[in-house]
Each structure stands twice: as structure tokens, then as C-alpha cells.
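Visitor: Have a peek at target.csv (CSV, C-alpha atoms).
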```csv
chain,number,residue,atom,x,y,z
A,1,MET,CA,20.2,-12.8,-5.2
A,2,ILE,CA,21.1,-11.4,-8.6
A,3,GLU,CA,19.3,-14.2,-10.3
A,4,ALA,CA,16.2,-13.7,-8.2
A,5,PHE,CA,16.2,-9.9,-8.9
A,6,ALA,CA,16.7,-10.5,-12.6
A,7,LEU,CA,13.7,-12.9,-12.6
A,8,LEU,CA,11.5,-10.4,-10.8
A,9,LEU,CA,12.5,-7.6,-13.3
A,10,LEU,CA,12.0,-10.0,-16.3
A,11,CYS,CA,8.4,-10.7,-15.1
A,12,GLN,CA,7.8,-7.0,-14.6
A,13,LEU,CA,9.2,-6.2,-18.0
A,14,ALA,CA,7.0,-8.8,-19.7
A,15,GLY,CA,4.1,-7.4,-17.7
A,16,GLU,CA,4.9,-3.8,-18.9
A,17,ILE,CA,5.1,-5.0,-22.5
A,18,LEU,CA,1.8,-6.8,-22.3
A,19,SER,CA,0.1,-3.9,-20.4
A,20,HIS,CA,1.3,-1.2,-22.8
A,21,GLY,CA,1.4,-3.3,-26.0
A,22,PHE,CA,-2.3,-4.4,-25.6
A,23,GLY,CA,-3.5,-1.4,-23.7
A,24,LEU,CA,-4.6,-3.6,-20.8
A,25,PRO,CA,-6.2,-1.8,-17.8
A,26,MET,CA,-3.9,-3.7,-15.3
A,27,PRO,CA,-0.5,-2.1,-14.4
A,28,GLY,CA,2.7,-3.9,-15.6
A,29,PRO,CA,3.9,-5.1,-12.2
A,30,VAL,CA,0.5,-6.7,-11.5
A,31,ILE,CA,0.6,-8.6,-14.8
A,32,GLY,CA,4.2,-9.5,-13.9
A,33,LEU,CA,2.9,-11.0,-10.6
A,34,LEU,CA,0.5,-13.2,-12.5
A,35,ILE,CA,3.2,-14.3,-14.9
A,36,LEU,CA,5.5,-15.3,-12.0
A,37,PHE,CA,2.6,-17.0,-10.3
A,38,ALA,CA,1.9,-19.1,-13.4
A,39,GLY,CA,5.7,-19.7,-13.7
A,40,LEU,CA,5.8,-21.1,-10.2
A,41,PHE,CA,3.1,-23.7,-11.1
A,42,VAL,CA,5.0,-24.7,-14.3
A,43,ALA,CA,8.1,-25.2,-12.1
A,44,GLN,CA,5.9,-27.2,-9.6
A,45,ASN,CA,4.8,-29.5,-12.5
A,46,PHE,CA,8.4,-30.2,-13.4
A,47,GLY,CA,9.0,-31.1,-9.8
A,48,SER,CA,11.5,-28.3,-9.2
A,49,ILE,CA,9.6,-26.7,-6.3
A,50,THR,CA,6.7,-27.3,-3.9
A,51,SER,CA,4.8,-24.7,-1.8
A,52,ALA,CA,6.8,-26.0,1.2
A,53,SER,CA,10.2,-25.6,-0.4
A,54,VAL,CA,9.8,-22.3,-2.4
A,55,ASN,CA,11.0,-20.1,0.5
A,56,ASP,CA,14.3,-22.0,0.5
A,57,THR,CA,15.0,-21.1,-3.2
A,58,THR,CA,17.0,-18.1,-4.3
A,59,LEU,CA,13.7,-16.5,-5.6
A,60,GLY,CA,12.0,-17.3,-2.3
A,61,ARG,CA,14.7,-15.6,-0.2
A,62,GLY,CA,14.9,-12.7,-2.6
A,63,ALA,CA,11.1,-12.2,-2.6
A,64,SER,CA,10.8,-12.4,1.2
A,65,GLY,CA,13.7,-10.0,1.7
A,66,LEU,CA,12.2,-7.5,-0.6
A,67,LEU,CA,8.7,-7.8,1.0
A,68,GLN,CA,10.2,-7.5,4.5
A,69,HIS,CA,11.3,-4.0,3.5
A,70,LEU,CA,8.2,-3.0,1.5
A,71,SER,CA,7.6,-0.1,3.9
A,72,LEU,CA,10.8,1.6,2.9
A,73,LEU,CA,9.7,1.6,-0.7
A,74,PHE,CA,6.8,4.0,0.1
A,75,VAL,CA,9.0,6.6,1.7
A,76,PRO,CA,10.1,8.6,-1.4
A,77,ALA,CA,6.5,9.0,-2.7
A,78,GLY,CA,5.4,9.8,0.9
A,79,VAL,CA,8.0,12.6,1.0
A,80,GLY,CA,6.4,14.0,-2.2
A,81,VAL,CA,3.3,14.6,-0.2
A,82,ILE,CA,5.1,17.4,1.8
A,83,ASP,CA,5.0,19.6,-1.4
A,84,HIS,CA,1.2,19.4,-1.5
A,85,LEU,CA,0.2,19.8,2.1
A,86,GLY,CA,-1.0,23.4,1.2
A,87,LEU,CA,-3.8,21.8,-0.8
A,88,LEU,CA,-5.4,20.7,2.4
A,89,SER,CA,-6.0,24.4,3.1
A,90,SER,CA,-8.8,25.1,5.6
A,91,TYR,CA,-10.3,21.6,5.3
A,92,GLY,CA,-7.2,19.9,6.8
A,93,PRO,CA,-8.6,19.0,10.3
A,94,VAL,CA,-12.0,17.9,8.8
A,95,LEU,CA,-10.3,15.7,6.2
A,96,PHE,CA,-8.1,14.2,8.8
A,97,LEU,CA,-11.1,13.4,11.0
A,98,ALA,CA,-12.9,11.9,7.9
A,99,LEU,CA,-9.8,9.7,7.2
A,100,LEU,CA,-9.5,8.6,10.8
A,101,VAL,CA,-13.2,7.6,11.1
A,102,SER,CA,-13.3,6.0,7.7
A,103,THR,CA,-10.1,4.0,8.1
A,104,THR,CA,-11.2,2.7,11.5
A,105,LEU,CA,-14.6,1.7,10.2
A,106,SER,CA,-13.4,0.1,7.0
A,107,LEU,CA,-10.7,-1.9,8.9
A,108,ALA,CA,-13.3,-3.1,11.4
A,109,VAL,CA,-16.1,-3.8,8.9
A,110,THR,CA,-13.8,-5.7,6.6
A,111,ALA,CA,-12.3,-7.9,9.3
A,112,LEU,CA,-15.6,-8.6,11.0
A,113,VAL,CA,-17.4,-9.5,7.8
A,114,PHE,CA,-14.5,-11.8,6.9
A,115,THR,CA,-14.5,-13.7,10.2
A,116,GLY,CA,-18.3,-13.6,10.4
A,117,ILE,CA,-18.7,-15.3,7.0
A,118,LYS,CA,-15.9,-17.7,7.8
A,119,SER,CA,-17.5,-19.0,11.0
A,120,TRP,CA,-20.9,-19.1,9.3
A,121,GLN,CA,-19.3,-21.3,6.6
A,122,SER,CA,-17.5,-23.6,9.0
A,123,GLY,CA,-20.7,-23.9,11.1
A,124,ARG,CA,-22.6,-24.9,8.0
A,125,ASN,CA,-20.0,-27.5,6.9
A,126,ALA,CA,-20.0,-29.0,10.4
A,127,SER,CA,-23.8,-29.5,10.5
B,128,MET,CA,31.7,31.6,-2.4
B,129,THR,CA,33.3,29.4,0.3
B,130,PRO,CA,34.6,26.0,-0.7
B,131,GLY,CA,32.1,24.4,1.8
B,132,PHE,CA,29.2,26.0,-0.1
B,133,ASP,CA,30.6,24.9,-3.4
B,134,LEU,CA,30.8,21.3,-2.1
B,135,TRP,CA,27.2,21.5,-0.9
B,136,VAL,CA,26.0,22.9,-4.2
B,137,TYR,CA,27.7,20.0,-5.9
B,138,LEU,CA,26.6,17.2,-3.6
B,139,SER,CA,23.0,18.4,-3.1
B,140,SER,CA,22.4,18.0,-6.8
B,141,THR,CA,23.7,14.4,-7.1
B,142,PRO,CA,21.6,11.3,-6.6
B,143,LEU,CA,24.2,9.9,-4.2
B,144,LEU,CA,23.5,12.4,-1.4
B,145,TRP,CA,19.7,12.0,-1.3
B,146,LEU,CA,19.8,8.2,-1.7
B,147,THR,CA,22.2,8.0,1.2
B,148,VAL,CA,20.2,10.3,3.3
B,149,THR,CA,17.0,8.3,2.6
B,150,LEU,CA,18.6,5.0,3.6
B,151,ILE,CA,20.2,6.4,6.8
B,152,VAL,CA,16.9,8.1,7.9
B,153,TRP,CA,15.1,4.8,7.2
B,154,ALA,CA,17.6,2.7,9.0
B,155,SER,CA,17.5,5.0,12.0
B,156,ALA,CA,13.6,5.0,12.0
B,157,GLU,CA,13.7,1.1,11.8
B,158,ARG,CA,16.1,1.0,14.8
B,159,ILE,CA,13.7,3.3,16.8
B,160,ALA,CA,10.7,1.0,15.8
B,161,ILE,CA,12.6,-2.1,16.8
B,162,ALA,CA,13.7,-0.5,20.1
B,163,SER,CA,10.0,0.2,20.8
B,164,GLY,CA,9.3,-3.5,20.4
B,165,ARG,CA,7.6,-2.7,17.0
B,166,HIS,CA,5.0,-0.6,18.8
B,167,PRO,CA,2.3,0.2,16.2
B,168,ALA,CA,2.4,4.0,17.0
B,169,VAL,CA,6.2,4.1,16.2
B,170,ASN,CA,5.7,3.8,12.4
B,171,PRO,CA,9.1,3.9,10.5
B,172,VAL,CA,7.4,5.2,7.3
B,173,LEU,CA,5.8,8.1,9.2
B,174,ILE,CA,9.0,9.0,11.0
B,175,SER,CA,11.1,8.8,7.8
B,176,ILE,CA,8.6,11.0,5.9
B,177,ILE,CA,8.6,13.7,8.6
B,178,VAL,CA,12.4,13.7,9.1
B,179,LEU,CA,13.2,13.7,5.3
B,180,GLY,CA,10.5,16.4,4.7
B,181,ALA,CA,12.0,18.5,7.5
B,182,ILE,CA,15.5,18.1,6.0
B,183,LEU,CA,14.3,19.1,2.5
B,184,ILE,CA,12.5,22.2,3.9
B,185,LEU,CA,15.5,23.3,6.1
B,186,THR,CA,18.0,22.8,3.2
B,187,GLY,CA,15.7,24.4,0.6
B,188,THR,CA,15.9,21.3,-1.5
B,189,SER,CA,13.1,20.7,-4.1
B,190,PHE,CA,11.3,17.4,-4.2
B,191,ALA,CA,12.5,16.9,-7.8
B,192,THR,CA,16.2,17.1,-6.7
B,193,TYR,CA,15.5,14.8,-3.8
B,194,PHE,CA,13.7,12.3,-6.0
B,195,GLN,CA,16.7,12.0,-8.4
B,196,GLY,CA,18.3,10.0,-5.5
B,197,ALA,CA,15.3,8.5,-3.9
B,198,GLN,CA,14.0,7.1,-7.3
B,199,PHE,CA,16.3,4.1,-6.9
B,200,VAL,CA,14.3,3.1,-3.8
B,201,HIS,CA,11.0,4.0,-5.4
B,202,PHE,CA,11.9,1.9,-8.4
B,203,LEU,CA,11.9,-1.3,-6.3
B,204,LEU,CA,8.1,-1.0,-5.8
B,205,GLY,CA,7.6,-2.7,-9.2
B,206,PRO,CA,9.7,-5.8,-8.5
B,207,ALA,CA,8.3,-6.0,-5.0
B,208,ILE,CA,4.7,-6.2,-6.3
B,209,VAL,CA,5.9,-9.0,-8.7
B,210,ALA,CA,7.5,-10.7,-5.6
B,211,ILE,CA,4.0,-11.1,-4.0
B,212,ALA,CA,3.5,-14.0,-6.4
B,213,VAL,CA,5.8,-16.1,-4.1
B,214,PRO,CA,3.8,-15.8,-0.8
B,215,LEU,CA,0.6,-16.1,-2.9
B,216,TYR,CA,1.8,-19.4,-4.4
B,217,ARG,CA,3.0,-20.6,-1.0
B,218,ASN,CA,-0.4,-19.8,0.7
B,219,LEU,CA,-2.7,-20.6,-2.1
B,220,ASP,CA,-4.6,-23.4,-0.2
B,221,ARG,CA,-5.3,-20.9,2.5
B,222,VAL,CA,-6.5,-18.3,0.0
B,223,ARG,CA,-8.8,-20.8,-1.7
B,224,GLU,CA,-10.4,-21.7,1.6
B,225,ASN,CA,-11.2,-18.1,2.2
B,226,THR,CA,-12.8,-17.2,-1.2
B,227,LEU,CA,-16.3,-16.5,0.1
B,228,PRO,CA,-15.1,-14.5,3.2
B,229,MET,CA,-12.9,-12.4,0.9
B,230,ILE,CA,-15.6,-11.6,-1.5
B,231,ALA,CA,-18.1,-10.6,1.2
B,232,ALA,CA,-15.4,-8.5,3.1
B,233,LEU,CA,-14.3,-6.9,-0.1
B,234,VAL,CA,-17.8,-5.5,-0.9
B,235,ALA,CA,-18.6,-4.5,2.6
B,236,GLY,CA,-15.2,-2.9,3.2
B,237,SER,CA,-15.0,-1.1,-0.1
B,238,VAL,CA,-18.4,0.5,0.3
B,239,THR,CA,-17.7,1.4,3.9
B,240,ALA,CA,-14.4,3.1,3.0
B,241,VAL,CA,-16.0,5.4,0.5
B,242,VAL,CA,-19.4,6.1,2.1
B,243,SER,CA,-18.0,6.8,5.6
B,244,ALA,CA,-15.3,9.2,4.4
B,245,LEU,CA,-17.8,11.1,2.2
B,246,SER,CA,-20.4,11.2,5.0
B,247,VAL,CA,-18.0,12.7,7.6
B,248,ALA,CA,-16.6,15.3,5.2
B,249,ALA,CA,-20.1,16.3,3.9
B,250,ILE,CA,-21.4,16.9,7.4
B,251,PHE,CA,-18.7,19.5,7.8
B,252,GLY,CA,-19.6,21.2,4.5
B,253,VAL,CA,-16.6,20.1,2.5
B,254,PRO,CA,-17.2,21.2,-1.2
B,255,GLU,CA,-17.7,18.8,-4.0
B,256,PRO,CA,-14.3,18.8,-5.8
B,257,VAL,CA,-12.7,18.0,-2.4
B,258,LEU,CA,-15.2,15.2,-1.7
B,259,VAL,CA,-14.4,13.7,-5.1
B,260,SER,CA,-10.6,13.8,-4.2
B,261,LEU,CA,-11.3,12.2,-0.9
B,262,ALA,CA,-13.6,9.3,-2.1
B,263,PRO,CA,-10.9,6.9,-3.4
B,264,LYS,CA,-8.5,7.4,-0.5
B,265,SER,CA,-8.3,3.7,0.4
B,266,VAL,CA,-7.1,2.7,-3.1
B,267,THR,CA,-3.4,2.5,-4.1
B,268,ALA,CA,-2.1,5.9,-5.2
B,269,GLY,CA,-1.9,5.5,-8.9
B,270,VAL,CA,-5.4,4.2,-9.4
B,271,ALA,CA,-6.9,6.7,-6.8
B,272,MET,CA,-5.4,9.7,-8.6
B,273,GLY,CA,-6.8,8.4,-11.9
B,274,ILE,CA,-10.3,8.0,-10.4
B,275,ALA,CA,-10.1,11.5,-8.8
B,276,GLU,CA,-9.1,13.1,-12.1
B,277,GLN,CA,-11.8,11.4,-14.0
B,278,PHE,CA,-14.6,12.8,-11.7
B,279,GLY,CA,-13.2,16.3,-11.4
B,280,GLY,CA,-11.1,16.0,-8.2
B,281,GLN,CA,-7.5,17.1,-7.7
B,282,PRO,CA,-5.1,14.2,-8.1
B,283,ALA,CA,-2.4,15.8,-6.0
B,284,LEU,CA,-4.8,16.3,-3.1
B,285,THR,CA,-5.9,12.6,-3.5
B,286,ALA,CA,-2.2,11.6,-3.2
B,287,VAL,CA,-1.9,13.4,0.1
B,288,LEU,CA,-5.1,11.8,1.4
B,289,VAL,CA,-4.1,8.3,0.1
B,290,VAL,CA,-0.7,8.4,1.9
B,291,THR,CA,-2.3,9.8,5.1
B,292,THR,CA,-4.9,6.9,5.0
B,293,GLY,CA,-2.1,4.4,4.5
B,294,LEU,CA,-0.2,5.7,7.5
B,295,ILE,CA,-3.4,5.9,9.7
B,296,GLY,CA,-4.3,2.3,8.7
B,297,ALA,CA,-0.8,0.9,9.3
B,298,ILE,CA,-0.7,2.5,12.8
B,299,ILE,CA,-4.2,1.6,14.0
B,300,VAL,CA,-4.7,-1.9,12.5
B,301,THR,CA,-2.9,-3.9,15.1
B,302,PRO,CA,-4.5,-2.3,18.3
B,303,LEU,CA,-7.9,-2.2,16.6
B,304,MET,CA,-7.8,-5.9,15.7
B,305,ASN,CA,-6.7,-6.7,19.2
B,306,VAL,CA,-9.6,-4.7,20.7
B,307,LEU,CA,-12.0,-6.5,18.4
B,308,GLY,CA,-10.5,-9.8,19.5
B,309,LEU,CA,-9.7,-10.9,15.9
B,310,LYS,CA,-6.8,-13.4,15.8
B,311,ASP,CA,-7.1,-14.7,12.2
B,312,TYR,CA,-4.1,-13.3,10.3
B,313,ALA,CA,-6.0,-13.8,7.0
B,314,ALA,CA,-8.8,-11.4,8.1
B,315,ARG,CA,-6.4,-8.9,9.8
B,316,GLY,CA,-4.2,-8.7,6.7
B,317,PHE,CA,-7.2,-8.5,4.3
B,318,ALA,CA,-8.5,-5.5,6.3
B,319,ALA,CA,-5.1,-3.8,6.3
B,320,GLY,CA,-4.7,-4.1,2.5
B,321,LEU,CA,-8.3,-3.1,1.7
B,322,ALA,CA,-8.4,0.0,4.0
B,323,ALA,CA,-4.8,1.1,3.8
B,324,HIS,CA,-3.5,-0.2,0.4
B,325,GLY,CA,0.3,-0.6,0.0
B,326,ILE,CA,1.4,1.0,3.3
B,327,GLY,CA,-1.1,-1.3,5.1
B,328,THR,CA,0.2,-4.3,3.1
B,329,ALA,CA,3.8,-3.4,4.0
B,330,ARG,CA,2.8,-3.3,7.7
B,331,ALA,CA,1.1,-6.7,7.3
B,332,PHE,CA,4.2,-8.3,5.8
B,333,VAL,CA,6.2,-7.1,8.8
B,334,VAL,CA,3.8,-8.8,11.1
B,335,ASP,CA,3.1,-12.1,9.3
B,336,GLU,CA,3.5,-13.6,5.8
B,337,VAL,CA,-0.1,-14.8,5.7
B,338,ALA,CA,-1.4,-11.4,6.7
B,339,GLY,CA,0.8,-9.8,4.0
B,340,THR,CA,-0.5,-12.2,1.3
B,341,PHE,CA,-4.1,-11.4,2.1
B,342,ALA,CA,-3.3,-7.7,2.3
B,343,GLY,CA,-1.8,-7.8,-1.2
B,344,ILE,CA,-4.9,-9.6,-2.6
B,345,ALA,CA,-7.2,-7.1,-0.8
B,346,MET,CA,-5.3,-4.1,-2.2
B,347,ALA,CA,-5.5,-5.3,-5.8
B,348,LEU,CA,-9.3,-6.3,-5.5
B,349,ASN,CA,-10.2,-3.0,-3.8
B,350,ALA,CA,-8.5,-1.0,-6.6
B,351,VAL,CA,-10.7,-2.7,-9.2
B,352,LEU,CA,-14.0,-2.7,-7.1
B,353,THR,CA,-13.6,1.0,-6.1
B,354,ALA,CA,-13.1,2.0,-9.7
B,355,LEU,CA,-16.3,0.2,-10.6
B,356,ILE,CA,-18.6,1.4,-7.7
B,357,LEU,CA,-17.4,4.9,-7.1
B,358,PRO,CA,-19.3,6.5,-10.0
B,359,LEU,CA,-22.6,5.0,-8.5
B,360,ILE,CA,-21.8,6.2,-5.0
B,361,LEU,CA,-20.8,9.7,-6.1
B,362,TYR,CA,-23.9,10.0,-8.3
B,363,TRP,CA,-26.1,8.9,-5.3
B,364,PHE,CA,-24.2,11.1,-2.9
B,365,LEU,CA,-23.8,14.3,-4.9
B,366,THR,CA,-27.3,14.6,-6.4
```
Go ahead and express the file in the form of C-alpha cells.
Guide:
Amino acid sequence: MIEAFALLLLCQLAGEILSHGFGLPMPGPVIGLLILFAGLFVAQNFGSITSASVNDTTLGRGASGLLQHLSLLFVPAGVGVIDHLGLLSSYGPVLFLALLVSTTLSLAVTALVFTGIKSWQSGRNAS
Amino acid sequence: MTPGFDLWVYLSSTPLLWLTVTLIVWASAERIAIASGRHPAVNPVLISIIVLGAILILTGTSFATYFQGAQFVHFLLGPAIVAIAVPLYRNLDRVRENTLPMIAALVAGSVTAVVSALSVAAIFGVPEPVLVSLAPKSVTAGVAMGIAEQFGGQPALTAVLVVTTGLIGAIIVTPLMNVLGLKDYAARGFAAGLAAHGIGTARAFVVDEVAGTFAGIAMALNAVLTALILPLILYWFLT
């Protein structure tokens, strides 16, 4: 567990160094993700892991444990919002309506376009 | 002063107290969510934010004091984002197969998220700086606040709207997808990450690893695309 955590932090650290050192527009953790992703392919080429076995490694267990609890990690920032509820002022109900309508529409449009293009694609491949 | 008050003054300013309270509230909220059979409406993030917010208000504790303890939880967001590399590697074949559906859904969803929010708010006469703060609400908080600031919005208001969007998305995504009859976890997850960023992605990882992977990809791509298209949409919308 400690090794997995150290590896994740090492990738993030490398990502932060590249992000800040070269003024890249991508945040450090995202570059860290790409570094780890590349590292997994290097490990695959050395025959240490396959996509089927990665979840049984220390890293695989650590990563899935962390991602299972991803929701918890948004709580502290979410509590910070309480301080700023006053900013909603008189527009609160209208903004809530806008968020509700927009979130519903964007979820539906995204998923429907995704599945629509996918079935069009498989229909074309079949014919 | 009473000894009890002295103890409170001491404890309430240490990271230990607020870290412990955060974890206990979260663990209780999780138990309630599990007891409900993970019913979408019983969202542990929403319950925890409300309970912790109420505790802070009732005890007169500032967010800065609270965050000294809670920052240890917040810190784990960085390594958690790095950790998405593992399910991405594991499901890469599935991701490759879905390249075209992802690109099409990204463009359609990203434009819908911005235009629909602006349209509803504009109908009700919401003023321009508030509209600008609202526009990037489907994007992950850090990027959304940057976009809002760049175009004359209020970053703190954007943060409130981003978190609210994430919670709405995490709560409605499962029933909505069921109503639409969509069973593909790639599509469901991609929609959750696009419309509801990290909080939607977290919900997707609870449901299914494939859904979580696609949600993570959608969250990252939508942050980039929204930053690119928002200037055009705002220009078209506000003039």
C-alpha cells in the first residue's frame, strides 16, 4: 500500500515539476496520470504486467481503493461553498433551475449522441 | 473561563478535530447511502457537506480553521487523479473502440452544457457577470474558476455553481439513464464526467469501473474544450 502511494505521489511530483517548470497548461496531477500511464506500458513491455493482471498488483489495489473513495475527497472543497452561498443573492432559485435543466440536458445529449454514433458505426461495419 | 471551554478552544483549532469530524460524518453518510441500497437521491457527498456546514455554522468555526484538518483529505485528490491511469490502462481497448462516439458526444455535450445554462438564466434576466460565472459550471472547479475570472465573472460564485452542478449530476445520472434506456456503461460514465466533472466521475467509479474510466476521460476533455469554445459562445450570446 505504501509503495503504491509513493508511486502515485512520485508521478504527481514529476507532473508538478514538468507543469510548473515548463509552464505547461495542464495541471500537475494530469501530467502525472500520463506519466503513470506510459510507465504501465513500459512495465507491460518488460512482461511484468498485463491489462488483465494489473488490478492484482499493489498499485492496482491501491488505485482502485483510492478511486472507490473519490467522492470523499470532494467533501472539504464542497464545505467551502457554504461560505459563499450569499453570492447567489436574489438569483439563487433561477440559477438552480438553470443548473437543473442544463445538467439534465447535457447528460442526456452526451449519452444519446455517444450511443447513437456507436450504433451507426457498428451498423456500418456490419454492412 | 471554564476548563471545558478552554479544551474546546484548544481542540477546535487543531487539525485533529476537524479531520476526525470529516471522516466520521463521511463514514456515517456512507452507511446511510448503503442502507438505502445506494439510492441515487441519498448522495453521501451532499449529506456530508450539509452536516459539516451546519456543524461549522453552529460552532462558529471558520472554513479556514476547518480546512486545516480537512486539507489532508483534500490533498488526496492529486494522487487519486494520477491513479485513474490504472483503469485507463486496463480498459484501453474499450476506450479505443469508442473514439468516434467520444468525440461526437464531447462536442454535443459541451455546447449543450454551456448554451442551455445561459439560455435558461438569460430568460429570467440574470445579469452578464453572473451569466459569465455560470457558463463554465460543468467544468472541474479549478479550470472553471480560471475561465470565469478571465471573462469578468466571479470565481467564488463559479465554485458554488460547479459544486452544485456536480451534486445534481451525481444524483440524477442513474435514474435519467434508466429512463432513457441506456445500458452502455461507457456512454453513461462519459455523460457523468462531461456534465458533472469530478463529483460525477466519483459517482461513476462507485457504480462501475468502466463508467468511471470514461467519466475521467470526459472530465479532462470537457475542461479543454470548454476553455476553447466558451469565448465564442459568450461573444455570440452577449452581443
Visitor: Distance limit 7 Å, atoms considered: all atoms listed in the file. Which chain A residues sit that close to chain B? Return them as a ChimeraX atom specification.
Guide: /A:8-9,12,29-30,32-34,36-37,51-52,60,63,66-68,70-76,78-82,84,87,94-95,98-100,102-103,106-107,109-111,113-115,117-118
Visitor: What does the file look like for those residues with C-alpha atoms, as a CSV table (one decimal), keeping the file's coordinate frame?
Guide:
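selection_28.csv, freshly written:
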```csv
chain,number,residue,atom,x,y,z
A,8,LEU,CA,11.5,-10.4,-10.8
A,9,LEU,CA,12.5,-7.6,-13.3
A,12,GLN,CA,7.8,-7.0,-14.6
A,29,PRO,CA,3.9,-5.1,-12.2
A,30,VAL,CA,0.5,-6.7,-11.5
A,32,GLY,CA,4.2,-9.5,-13.9
A,33,LEU,CA,2.9,-11.0,-10.6
A,34,LEU,CA,0.5,-13.2,-12.5
A,36,LEU,CA,5.5,-15.3,-12.0
A,37,PHE,CA,2.6,-17.0,-10.3
A,51,SER,CA,4.8,-24.7,-1.8
A,52,ALA,CA,6.8,-26.0,1.2
A,60,GLY,CA,12.0,-17.3,-2.3
A,63,ALA,CA,11.1,-12.2,-2.6
A,66,LEU,CA,12.2,-7.5,-0.6
A,67,LEU,CA,8.7,-7.8,1.0
A,68,GLN,CA,10.2,-7.5,4.5
A,70,LEU,CA,8.2,-3.0,1.5
A,71,SER,CA,7.6,-0.1,3.9
A,72,LEU,CA,10.8,1.6,2.9
A,73,LEU,CA,9.7,1.6,-0.7
A,74,PHE,CA,6.8,4.0,0.1
A,75,VAL,CA,9.0,6.6,1.7
A,76,PRO,CA,10.1,8.6,-1.4
A,78,GLY,CA,5.4,9.8,0.9
A,79,VAL,CA,8.0,12.6,1.0
A,80,GLY,CA,6.4,14.0,-2.2
A,81,VAL,CA,3.3,14.6,-0.2
A,82,ILE,CA,5.1,17.4,1.8
A,84,HIS,CA,1.2,19.4,-1.5
A,87,LEU,CA,-3.8,21.8,-0.8
A,94,VAL,CA,-12.0,17.9,8.8
A,95,LEU,CA,-10.3,15.7,6.2
A,98,ALA,CA,-12.9,11.9,7.9
A,99,LEU,CA,-9.8,9.7,7.2
A,100,LEU,CA,-9.5,8.6,10.8
A,102,SER,CA,-13.3,6.0,7.7
A,103,THR,CA,-10.1,4.0,8.1
A,106,SER,CA,-13.4,0.1,7.0
A,107,LEU,CA,-10.7,-1.9,8.9
A,109,VAL,CA,-16.1,-3.8,8.9
A,110,THR,CA,-13.8,-5.7,6.6
A,111,ALA,CA,-12.3,-7.9,9.3
A,113,VAL,CA,-17.4,-9.5,7.8
A,114,PHE,CA,-14.5,-11.8,6.9
A,115,THR,CA,-14.5,-13.7,10.2
A,117,ILE,CA,-18.7,-15.3,7.0
A,118,LYS,CA,-15.9,-17.7,7.8
```
Visitor: Could you check how far atom CA of B:Leu144 sits from atom CA of B:Thr188, in Å to one decimal?
Guide: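 Between atom CA of B:Leu144 and atom CA of B:Thr188 the gap is 11.7 Å.
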Visitor: Check the smallest atom-to-atom distance from each of A:Leu59, A:Leu13, A:Leu40, A:Leu97 to A:Pro27 using only C-alpha atoms, then report the winner.
Guide: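 The shortest atom-to-atom distance to A:Pro27 comes from A:Leu13.
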Visitor: Distance atom CA of A:Gln44-atom CA of A:Cys11, one decimal place?
Guide: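 Atom CA of A:Gln44 sits 17.6 Å away from atom CA of A:Cys11.
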Visitor: What lies within 7 Å of B:Met346 using all atoms listed in the file, ignoring chain neighbours under 2 positions off, as a list of chain:residue names?
Guide: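 Contacts, with the query itself left out: B:Gly320, B:Leu321, B:His324, B:Gly325, B:Ala342, B:Gly343, B:Ile344, B:Leu348, B:Asn349, B:Ala350.
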Visitor: At what distance in Å, to one decimal, does atom CA of B:Ala160 lie from atom CA of A:Ile2?
Guide: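 Interatomic distance here is 29.3 Å.
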